[in-house]
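Below is the file model.txt, which contains compact mmCIF, C-alpha atoms.
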# COMPACT_ATOMS: atom_id res chain seq x y z
CA MET A 1 7.99 -33.32 -37.98
CA ARG A 2 8.36 -34.26 -34.32
CA PHE A 3 11.99 -33.17 -34.45
CA VAL A 4 11.06 -29.76 -35.93
CA LEU A 5 8.36 -29.30 -33.28
CA ALA A 6 10.82 -30.22 -30.52
CA CYS A 7 13.35 -27.73 -31.90
CA VAL A 8 10.73 -24.95 -31.99
CA VAL A 9 9.64 -25.71 -28.41
CA MET A 10 13.26 -25.75 -27.24
CA LEU A 11 13.99 -22.49 -29.04
CA ILE A 12 10.99 -20.71 -27.47
CA TYR A 13 11.71 -22.22 -24.05
CA GLY A 14 15.40 -21.36 -24.36
CA GLN A 15 14.61 -17.74 -25.25
CA ALA A 16 12.15 -17.39 -22.37
CA ILE A 17 14.65 -18.75 -19.87
CA GLY A 18 17.49 -16.77 -21.47
CA GLN A 19 15.78 -13.46 -20.66
CA ASP A 20 16.26 -14.01 -16.94
CA ASP A 21 19.28 -16.23 -17.12
CA PHE A 22 21.66 -14.49 -14.75
CA GLU A 23 25.09 -15.85 -13.99
CA LEU A 24 27.47 -14.89 -11.26
CA LEU A 25 29.76 -12.11 -12.46
CA LYS A 26 33.35 -13.11 -11.76
CA ASN A 27 35.07 -9.92 -12.87
CA THR A 28 33.19 -6.85 -11.59
CA GLN A 29 35.74 -4.25 -12.69
CA ALA A 30 34.04 -3.34 -16.00
CA LEU A 31 30.69 -2.93 -14.27
CA LYS A 32 32.06 -0.78 -11.44
CA GLU A 33 34.05 1.43 -13.81
CA GLY A 34 31.06 1.78 -16.16
CA VAL A 35 28.71 2.75 -13.34
CA LYS A 36 31.26 5.19 -11.89
CA ALA A 37 31.79 6.87 -15.28
CA MET A 38 28.04 7.08 -15.89
CA ALA A 39 27.47 8.70 -12.49
CA ALA A 40 30.29 11.16 -13.05
CA ASN A 41 29.10 12.16 -16.52
CA THR A 42 25.39 12.46 -15.73
CA ASN A 43 24.10 15.79 -14.45
CA SER A 44 20.40 15.11 -14.88
CA ILE A 45 18.01 12.25 -15.61
CA THR A 46 14.40 12.39 -16.76
CA THR A 47 12.58 9.10 -17.07
CA ALA A 48 9.10 7.60 -17.06
CA PHE A 49 8.50 4.74 -14.66
CA LYS A 50 6.03 1.96 -14.00
CA GLN A 51 5.68 0.64 -10.49
CA GLU A 52 4.23 -2.68 -9.40
CA LYS A 53 3.64 -3.53 -5.78
CA HIS A 54 3.26 -7.26 -5.22
CA ILE A 55 1.71 -8.18 -1.88
CA SER A 56 0.81 -11.65 -0.77
CA ILE A 57 -2.86 -10.91 -0.02
CA LEU A 58 -3.61 -9.62 -3.52
CA THR A 59 -3.61 -11.83 -6.58
CA LYS A 60 -2.87 -8.87 -8.87
CA PRO A 61 -0.11 -6.32 -8.29
CA LEU A 62 -0.96 -2.70 -7.48
CA LYS A 63 0.14 -0.67 -10.48
CA SER A 64 1.10 3.00 -10.71
CA LYS A 65 3.15 5.11 -13.08
CA GLY A 66 4.68 8.52 -13.41
CA GLN A 67 7.77 10.56 -14.16
CA MET A 68 11.05 10.78 -12.29
CA TYR A 69 13.50 13.71 -12.37
CA PHE A 70 17.00 13.84 -10.94
CA LYS A 71 19.40 16.76 -10.96
CA LYS A 72 22.84 16.86 -9.41
CA PRO A 73 23.84 17.05 -6.68
CA ASP A 74 20.83 15.82 -4.70
CA MET A 75 17.48 16.86 -6.15
CA LEU A 76 15.06 14.05 -6.91
CA LYS A 77 11.37 14.07 -7.74
CA TRP A 78 9.00 11.14 -8.14
CA ALA A 79 5.74 12.32 -9.66
CA TYR A 80 2.99 9.71 -9.79
CA THR A 81 0.36 10.53 -12.37
CA SER A 82 -1.76 7.37 -12.31
CA PRO A 83 -3.89 6.17 -10.54
CA TYR A 84 -3.33 9.22 -8.30
CA ASP A 85 -1.51 12.55 -8.40
CA TYR A 86 1.26 12.35 -5.86
CA ALA A 87 4.72 13.89 -5.93
CA ILE A 88 7.57 13.37 -3.50
CA ILE A 89 10.63 15.58 -3.73
CA PHE A 90 13.93 14.86 -2.02
CA LYS A 91 15.97 18.04 -1.84
CA ALA A 92 19.06 18.25 0.35
CA GLU A 93 17.73 17.36 3.83
CA THR A 94 14.06 18.04 3.09
CA ILE A 95 11.18 16.00 1.74
CA ILE A 96 8.30 17.85 0.10
CA ILE A 97 5.11 15.92 -0.63
CA ASN A 98 2.32 17.16 -2.86
CA ASP A 99 -0.65 14.89 -2.41
CA GLU A 100 -3.37 15.99 -4.82
CA GLY A 101 -2.72 19.63 -3.90
CA LYS A 102 -1.97 19.12 -0.20
CA VAL A 103 1.67 20.10 0.32
CA SER A 104 3.71 18.95 3.35
CA ASN A 105 7.37 19.48 4.25
CA PHE A 106 9.51 17.18 6.39
CA ASP A 107 12.95 17.67 7.78
CA LEU A 108 14.90 14.55 6.90
CA SER A 109 17.62 15.19 9.46
CA ALA A 110 15.08 14.37 12.22
CA SER A 111 14.83 10.76 11.07
CA LYS A 112 17.87 8.58 10.52
CA SER A 113 15.83 5.90 8.75
CA PHE A 114 14.37 8.40 6.28
CA MET A 115 17.85 9.82 5.65
CA GLU A 116 19.16 6.34 4.84
CA ILE A 117 16.24 5.53 2.55
CA ASN A 118 16.61 8.90 0.83
CA GLN A 119 20.31 8.30 0.28
CA ILE A 120 19.64 4.86 -1.20
CA ILE A 121 17.01 6.23 -3.57
CA VAL A 122 19.21 9.13 -4.71
CA ASN A 123 22.18 6.80 -5.12
CA SER A 124 20.14 4.23 -7.05
CA VAL A 125 18.90 6.77 -9.51
CA SER A 126 22.09 8.75 -9.92
CA GLY A 127 24.18 5.68 -10.60
CA ASN A 128 26.21 5.92 -7.42
CA ILE A 129 24.59 2.70 -6.31
CA LEU A 130 27.21 0.12 -5.55
CA GLN A 131 27.83 1.11 -1.92
CA GLU A 132 29.80 -1.86 -0.61
CA GLU A 133 30.32 -0.30 2.83
CA GLN A 134 26.52 -0.28 3.39
CA PHE A 135 25.53 -3.48 1.59
CA ASP A 136 26.72 -7.01 0.97
CA ILE A 137 26.52 -7.10 -2.82
CA GLN A 138 26.32 -10.07 -5.13
CA TYR A 139 26.97 -9.25 -8.80
CA LEU A 140 25.33 -11.19 -11.64
CA SER A 141 24.92 -10.62 -15.36
CA SER A 142 22.71 -11.62 -18.27
CA SER A 143 22.83 -10.69 -21.96
CA LYS A 144 20.89 -7.47 -21.23
CA TYR A 145 21.57 -6.47 -17.63
CA TYR A 146 24.02 -6.46 -14.81
CA LEU A 147 22.24 -7.30 -11.58
CA ALA A 148 23.41 -6.15 -8.16
CA LYS A 149 21.68 -7.96 -5.28
CA MET A 150 22.24 -5.73 -2.29
CA VAL A 151 21.62 -6.90 1.27
CA PRO A 152 21.66 -4.04 3.82
CA LYS A 153 24.24 -4.33 6.59
CA ALA A 154 22.48 -1.97 9.03
CA GLU A 155 19.93 -3.73 11.24
CA GLN A 156 17.48 -0.81 11.12
CA LEU A 157 17.35 -0.83 7.32
CA LYS A 158 17.16 -4.63 7.30
CA SER A 159 13.92 -4.42 9.27
CA TYR A 160 12.33 -2.59 6.32
CA ILE A 161 14.03 -4.10 3.29
CA SER A 162 15.72 -7.47 3.03
CA VAL A 163 17.19 -7.17 -0.49
CA ILE A 164 17.45 -4.45 -3.13
CA GLU A 165 17.93 -5.74 -6.65
CA VAL A 166 19.29 -3.18 -9.09
CA TYR A 167 19.19 -4.01 -12.81
CA ILE A 168 21.79 -2.01 -14.75
CA ASP A 169 21.63 -1.69 -18.53
CA ARG A 170 24.74 -3.25 -20.06
CA ASN A 171 24.82 -0.65 -22.85
CA ASP A 172 24.80 2.64 -20.95
CA PHE A 173 25.19 1.57 -17.29
CA THR A 174 21.99 3.37 -16.28
CA VAL A 175 19.59 1.78 -13.79
CA SER A 176 16.75 0.06 -15.68
CA LYS A 177 14.83 -1.61 -12.86
CA ILE A 178 14.84 -1.63 -9.08
CA LYS A 179 13.22 -4.34 -7.00
CA LEU A 180 12.77 -3.65 -3.27
CA ILE A 181 12.09 -6.91 -1.46
CA GLU A 182 10.67 -6.66 2.05
CA LYS A 183 10.84 -9.14 4.88
CA GLY A 184 8.17 -11.75 4.15
CA GLY A 185 8.55 -11.53 0.38
CA ASP A 186 6.31 -8.61 -0.64
CA TYR A 187 8.12 -6.49 -3.17
CA THR A 188 8.02 -3.30 -5.22
CA LEU A 189 9.29 -3.37 -8.79
CA ILE A 190 10.09 -0.06 -10.49
CA ASP A 191 10.75 -0.17 -14.21
CA PHE A 192 12.32 2.89 -15.88
CA TYR A 193 11.73 3.67 -19.56
CA ASN A 194 12.09 6.61 -22.00
CA LYS A 195 15.21 7.74 -20.17
CA SER A 196 16.89 11.05 -21.10
CA LEU A 197 20.28 11.93 -19.68
CA ASN A 198 21.76 15.41 -19.34
CA THR A 199 18.76 17.27 -20.69
CA ASP A 200 17.88 20.65 -19.25
CA VAL A 201 15.94 20.06 -16.01
CA SER A 202 14.72 23.28 -14.39
CA ASP A 203 15.06 23.79 -10.61
CA GLU A 204 11.39 24.77 -10.57
CA ILE A 205 10.46 21.12 -11.11
CA PHE A 206 11.71 20.45 -7.58
CA GLU A 207 9.50 23.08 -6.00
CA GLU A 208 5.89 22.57 -4.95
CA GLN A 209 3.58 25.32 -3.80
CA MET B 1 -62.61 -18.87 16.49
CA ARG B 2 -61.11 -19.47 13.06
CA PHE B 3 -60.83 -15.67 12.62
CA LEU B 4 -58.94 -15.42 15.92
CA LYS B 5 -56.58 -18.23 14.93
CA ASN B 6 -55.87 -16.61 11.57
CA SER B 7 -55.37 -13.19 13.14
CA SER B 8 -52.91 -14.65 15.67
CA LEU B 9 -51.01 -16.37 12.89
CA VAL B 10 -50.80 -13.14 10.87
CA LEU B 11 -49.66 -11.22 13.97
CA PHE B 12 -47.06 -13.91 14.77
CA LEU B 13 -45.72 -13.88 11.21
CA CYS B 14 -45.51 -10.08 11.28
CA LEU B 15 -43.55 -10.18 14.52
CA ILE B 16 -41.22 -12.87 13.14
CA GLY B 17 -40.84 -10.76 10.01
CA PHE B 18 -39.69 -7.77 12.02
CA ASN B 19 -37.17 -9.85 13.92
CA LEU B 20 -35.83 -11.45 10.77
CA GLN B 21 -35.07 -8.12 9.11
CA ALA B 22 -32.08 -8.72 6.85
CA GLN B 23 -28.84 -8.26 8.72
CA PRO B 24 -26.37 -6.28 6.56
CA LYS B 25 -23.27 -8.16 5.47
CA PRO B 26 -19.82 -6.72 6.11
CA PHE B 27 -18.80 -5.07 2.82
CA LEU B 28 -15.51 -6.99 2.68
CA GLU B 29 -17.57 -10.16 2.16
CA GLN B 30 -18.64 -8.76 -1.22
CA SER B 31 -15.09 -8.86 -2.60
CA GLU B 32 -13.11 -12.10 -2.76
CA ASP B 33 -9.96 -10.40 -4.04
CA GLY B 34 -9.84 -7.68 -1.42
CA LEU B 35 -10.34 -3.94 -1.75
CA VAL B 36 -7.85 -1.17 -2.43
CA TYR B 37 -8.32 2.42 -1.25
CA ASN B 38 -6.37 5.64 -1.61
CA ALA B 39 -6.03 6.60 2.06
CA GLY B 40 -5.56 10.08 3.50
CA PHE B 41 -4.79 10.60 7.20
CA GLN B 42 -5.25 14.06 8.67
CA TYR B 43 -4.07 14.69 12.23
CA LYS B 44 -4.40 18.38 13.18
CA ASP B 45 -2.21 20.13 10.56
CA HIS B 46 -0.34 17.01 9.49
CA TYR B 47 -1.36 15.04 6.43
CA PHE B 48 -0.15 11.67 5.27
CA SER B 49 -1.41 9.42 2.52
CA GLY B 50 -0.93 5.84 1.44
CA ILE B 51 -2.66 2.84 -0.08
CA LEU B 52 -4.91 0.75 2.12
CA VAL B 53 -5.52 -2.87 1.18
CA ILE B 54 -8.20 -4.77 3.09
CA LYS B 55 -9.21 -8.36 2.58
CA SER B 56 -11.43 -10.94 4.18
CA ILE B 57 -9.39 -14.07 4.87
CA GLU B 58 -10.28 -17.27 6.74
CA ASN B 59 -11.98 -16.25 10.03
CA ALA B 60 -10.30 -12.85 9.88
CA GLN B 61 -9.79 -9.54 8.10
CA GLN B 62 -6.34 -8.41 7.00
CA VAL B 63 -5.33 -4.75 6.79
CA VAL B 64 -2.19 -3.57 4.97
CA LEU B 65 -1.16 0.07 4.67
CA LEU B 66 1.47 0.85 2.04
CA SER B 67 3.37 4.01 1.31
CA LYS B 68 2.77 5.26 -2.22
CA MET B 69 6.42 4.58 -3.02
CA GLY B 70 5.87 0.91 -2.26
CA PRO B 71 7.12 -0.40 1.08
CA SER B 72 4.45 -1.34 3.62
CA ILE B 73 3.95 0.58 6.86
CA LEU B 74 1.39 -1.53 8.70
CA ASP B 75 0.14 -5.07 8.29
CA PHE B 76 -2.20 -6.69 10.79
CA ILE B 77 -4.95 -9.29 11.03
CA ILE B 78 -8.13 -8.95 13.11
CA TYR B 79 -9.45 -12.44 13.86
CA ASN B 80 -13.15 -13.11 14.38
CA ASN B 81 -12.36 -14.52 17.86
CA GLY B 82 -11.06 -11.09 18.89
CA GLU B 83 -7.33 -11.75 18.57
CA VAL B 84 -5.07 -9.42 16.61
CA ALA B 85 -1.81 -10.44 14.92
CA TRP B 86 0.73 -7.86 13.78
CA ASN B 87 2.80 -8.77 10.74
CA LYS B 88 4.46 -5.39 10.36
CA LYS B 89 4.51 -2.03 12.05
CA VAL B 90 7.03 0.74 11.46
CA GLU B 91 9.04 1.86 14.44
CA ALA B 92 7.58 5.40 14.58
CA ILE B 93 4.08 4.17 15.40
CA ASP B 94 5.01 1.15 17.51
CA LYS B 95 3.18 2.23 20.70
CA PRO B 96 0.54 0.22 22.65
CA ILE B 97 -1.87 3.18 22.92
CA PHE B 98 -1.72 3.64 19.17
CA ASP B 99 -2.37 -0.09 18.57
CA LYS B 100 -5.48 -0.08 20.73
CA ALA B 101 -6.96 2.98 19.05
CA LEU B 102 -6.12 1.72 15.58
CA ILE B 103 -7.71 -1.68 16.15
CA ARG B 104 -10.85 -0.08 17.60
CA ASP B 105 -11.10 2.22 14.58
CA PHE B 106 -10.70 -0.62 12.11
CA ARG B 107 -13.17 -2.85 13.96
CA THR B 108 -15.74 -0.08 13.52
CA LEU B 109 -14.73 0.67 9.93
CA LEU B 110 -14.71 -2.97 8.80
CA LEU B 111 -17.89 -3.71 10.77
CA THR B 112 -16.16 -6.69 12.38
CA PRO B 113 -18.93 -7.20 15.01
CA LEU B 114 -21.13 -8.36 12.10
CA TYR B 115 -18.96 -11.49 11.81
CA ASP B 116 -20.67 -13.95 14.21
CA PRO B 117 -22.21 -11.29 16.47
CA VAL B 118 -22.88 -12.07 20.14
CA LYS B 119 -26.00 -9.92 20.24
CA ILE B 120 -27.86 -8.02 17.55
CA LYS B 121 -30.85 -5.75 17.99
CA TRP B 122 -32.74 -3.62 15.50
CA VAL B 123 -33.77 -0.15 16.64
CA GLY B 124 -36.38 0.90 14.11
CA ASP B 125 -36.04 0.00 10.43
CA GLN B 126 -32.60 1.34 9.69
CA LYS B 127 -30.50 1.14 12.83
CA LEU B 128 -29.07 -1.90 14.55
CA LYS B 129 -26.94 -2.42 17.61
CA VAL B 130 -24.33 -5.16 17.29
CA LYS B 131 -22.27 -6.48 20.17
CA LYS B 132 -19.12 -8.51 19.98
CA HIS B 133 -15.62 -7.39 21.01
CA GLU B 134 -16.85 -3.87 20.29
CA LYS B 135 -20.36 -2.49 20.55
CA VAL B 136 -21.24 -0.88 17.24
CA VAL B 137 -24.33 0.96 16.11
CA ILE B 138 -24.90 0.57 12.39
CA THR B 139 -27.23 2.64 10.22
CA THR B 140 -28.44 1.10 6.97
CA LYS B 141 -30.39 2.14 3.93
CA ASN B 142 -31.50 -0.19 1.13
CA GLU B 143 -29.52 -3.02 2.78
CA ARG B 144 -26.26 -1.03 2.56
CA VAL B 145 -24.40 0.35 5.55
CA ASN B 146 -24.44 4.16 5.66
CA ALA B 147 -22.75 4.76 8.99
CA SER B 148 -21.25 3.02 11.99
CA GLU B 149 -20.08 4.21 15.39
CA ASN B 150 -18.62 2.45 18.38
CA ARG B 151 -20.18 2.53 21.81
CA GLY B 152 -18.73 2.00 25.26
CA VAL B 153 -19.21 3.06 28.87
CA ILE B 154 -16.11 5.26 28.82
CA ASN B 155 -15.54 6.28 25.25
CA LEU B 156 -13.79 9.64 25.07
CA PHE B 157 -12.64 9.24 21.49
CA LYS B 158 -15.72 7.70 19.96
CA THR B 159 -15.25 6.62 16.34
CA PHE B 160 -17.71 7.62 13.62
CA VAL B 161 -17.59 6.15 10.14
CA THR B 162 -19.64 7.11 7.09
CA TYR B 163 -19.87 5.11 3.87
CA ALA B 164 -20.75 6.55 0.44
CA TYR B 165 -21.65 4.69 -2.75
CA THR B 166 -21.46 5.81 -6.36
CA ASP B 167 -22.85 2.62 -7.89
CA GLU B 168 -25.36 -0.09 -7.08
CA ASP B 169 -23.17 -2.58 -5.25
CA ALA B 170 -22.68 -2.76 -1.47
CA ILE B 171 -18.97 -1.89 -1.59
CA PRO B 172 -18.41 1.66 -0.36
CA ASP B 173 -16.57 3.88 -2.84
CA GLU B 174 -15.73 6.42 -0.16
CA ILE B 175 -15.31 5.97 3.58
CA CYS B 176 -14.68 8.69 6.13
CA LEU B 177 -13.63 8.00 9.73
CA THR B 178 -13.65 10.72 12.39
CA HIS B 179 -13.51 10.89 16.19
CA ARG B 180 -15.06 12.77 19.03
CA ASN B 181 -12.45 14.91 20.91
CA LEU B 182 -9.64 13.94 18.55
CA LYS B 183 -8.67 15.73 15.35
CA LEU B 184 -7.79 12.57 13.47
CA LYS B 185 -9.58 11.87 10.23
CA ILE B 186 -9.16 9.02 7.75
CA GLU B 187 -10.56 9.37 4.24
CA LEU B 188 -10.62 6.41 1.87
CA THR B 189 -11.42 6.48 -1.85
CA GLN B 190 -11.65 3.19 -3.67
CA LEU B 191 -9.07 2.49 -6.37
CA SER B 192 -9.63 0.03 -9.15
CA ASN B 193 -6.99 -2.71 -9.20
CA GLU B 194 -7.44 -3.85 -12.81
Go ahead and render the structure in this file as structure tokens.
Amino acid sequence: MRFVLACVVMLIYGQAIGQDDFELLKNTQALKEGVKAMAANTNSITTAFKQEKHISILTKPLKSKGQMYFKKPDMLKWAYTSPYDYAIIFKAETIIINDEGKVSNFDLSASKSFMEINQIIVNSVSGNILQEEQFDIQYLSSSKYYLAKMVPKAEQLKSYISVIEVYIDRNDFTVSKIKLIEKGGDYTLIDFYNKSLNTDVSDEIFEEQ
Amino acid sequence: MRFLKNSSLVLFLCLIGFNLQAQPKPFLEQSEDGLVYNAGFQYKDHYFSGILVIKSIENAQQVVLLSKMGPSILDFIIYNNGEVAWNKKVEAIDKPIFDKALIRDFRTLLLTPLYDPVKIKWVGDQKLKVKKHEKVVITTKNERVNASENRGVINLFKTFVTYAYTDEDAIPDEICLTHRNLKLKIELTQLSNE
């Protein structure tokens, strides 16, 4: 009986650990080729997302959710629907924000930092993520995901974000989760679900009045 | 003689009673886990919004402003002894004049002079003057703070804060901060963090 109980405990414990059991990826060729092919073959992405912001002064994370749209070459919209209505659109060199009906436009070219952050976000979502000239990247893998731990090389970006962890689905090479870790350990975790690739995404989605 | 003694005692107790009028508690004291607000900043025609997290910590109050996409923009601590510690501040707003104004605004908004005040004086039933690192005039109703404003000899950009409640507790559900001679407005709406 004790033996059976021990086996059950080990099985449960083993499964729990196994979910996050990442190992260093020795051969990165399959991952890089898979991601490159996915980025090349994907013209649009529509996905729901859940966001959790973990900050040291709060015991519970701040949760939000919404819908994300991407259309080639460089149109991206994050639309938060809960607990607030907030949409941010990255379109060429412009950011449009609709904050509960208040619309603002910003010229991205005026801010180098914003341009860099925009490029990272667009690259992360579109699959063109593994930018080795901008990041020192460590590649890991588990049974479900590839994980790219990306440390920015530029000092300015480093002052905002210390590590970006990108979880890539092993089956279709799409980005499943992004974790943005700030200096000091606070982090934002974005989890994508109900993904649709190459569906018809209208240009009107990326316009706000 | 006994009548005189009793009358004096009653008068004394009444006077004591007036002076011991309940001092309002800073609203952050009502929440151990901190408070989360949807924050809107309006400066002239420019509008920016984020998430404001405020929490009472040991001998201090911590303020964190996050962008809605996640990364934090500001993080600072106002200690009860008057010191301020900056944990994070984005480059675009890293200017001494901005720091000073921001700290003064948040001292008024968070009612920090109520933490170990140097001097406190009631003016009527609903108004009290509190002096510490800032002089603040606080208006109360039913033991809840309705408004606060800072005072000073030279105070061109005086800060006014109003607090609104939709339920019975003493935690404001909406806060609005404005200034004299400056078109900067901060509006906060409480968010549930369940």
### Residue nearest Asn150 in chain B - candidates B:Asp125, B:Asp105, B:Asp45, B:Asp99, atoms counted: only C-alpha atoms
B:Asp105
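Distance-wise, CA of Ser176 in chain A and CA of Tyr193 in chain A end up 7.3 Å apart.
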### Query
What residues in chain B lie within 10 Å of chain A, counting only C-alpha atoms, written as a PyMOL selection string?
chain B and resi 32-36+38+40+45-51+53-57+62-64+66+68-73+87-92+191-194
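Every polymer residue reaching to within 10 Å of (-18.1, -7.7, 11.6), counting all atoms listed in the file, appears in this list: B:Pro24, B:Lys25, B:Pro26, B:Phe27, B:Leu28, B:Glu29, B:Ala60, B:Gln61, B:Asn80, B:Arg107, B:Thr108, B:Leu109, B:Leu110, B:Leu111, B:Thr112, B:Pro113, B:Leu114, B:Tyr115, B:Asp116, B:Pro117, B:Val130, B:Lys131, B:Lys132, B:His133, B:Glu134, B:Val136.
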### Task
Identify the residues around (-30.8, -5.5, 17.8) within a radius of 12 Å, measuring from only C-alpha atoms in the coordinates stated by the file, and give them as a PyMOL selection string.
chain B and resi 18-23+114+117-131+135-139
### Query
Interatomic distance between CA of Tyr139 in chain A and CA of Thr28 in chain A?
7.2 Å
Taking only residues of range 11-102 of chain A that have an atom at most 12 Å from an atom of range 144-152 of chain A, what is each one's shortest atom pair and its distance in Å to one decimal, using all atoms listed in the file, in chain and number order, as CSV?
residue,atom,partner,partner_atom,distance
A:Gly18,CA,A:Lys144,CA,9.9
A:Gln19,CA,A:Lys144,CA,7.9
A:Asp20,CA,A:Lys144,CA,9.1
A:Asp21,CA,A:Lys144,CA,9.8
A:Phe22,CA,A:Leu147,CA,7.9
A:Glu23,CA,A:Leu147,CA,9.3
A:Leu24,CA,A:Leu147,CA,9.2
A:Leu25,CA,A:Tyr146,CA,8.4
A:Lys26,CA,A:Tyr146,CA,11.9
A:Asn27,CA,A:Tyr146,CA,11.7
A:Thr28,CA,A:Tyr146,CA,9.7
A:Ala30,CA,A:Tyr146,CA,10.6
A:Leu31,CA,A:Tyr146,CA,7.6
A:Lys32,CA,A:Tyr146,CA,10.4
A:Gly34,CA,A:Tyr146,CA,10.9
A:Val35,CA,A:Tyr146,CA,10.4
### Query
If we count all atoms listed in the file, what is near Ala101 in chain B at a cut-off of 12 Å, once residues fewer than 5 positions away on the same chain are taken out, given as a VMD selection string?
chain B and resid 93 95 to 96 106 to 108 150 155 to 159 179 182 184
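Computed from the coordinates, the CA of Asn181 in chain B to CA of Ala39 in chain B distance equals 21.6 Å.
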### Message
Nearest residue to Glu143 in chain B out of B:Glu168, B:Glu83, B:Asp173, B:Asp75, using only C-alpha atoms?
### Response
B:Glu168
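Proximity to Asp169 in chain B was assessed for B:Val84, B:Ile77, B:Val145, B:Ile186 counting all atoms listed in the file; the smallest distance is recorded for B:Val145.
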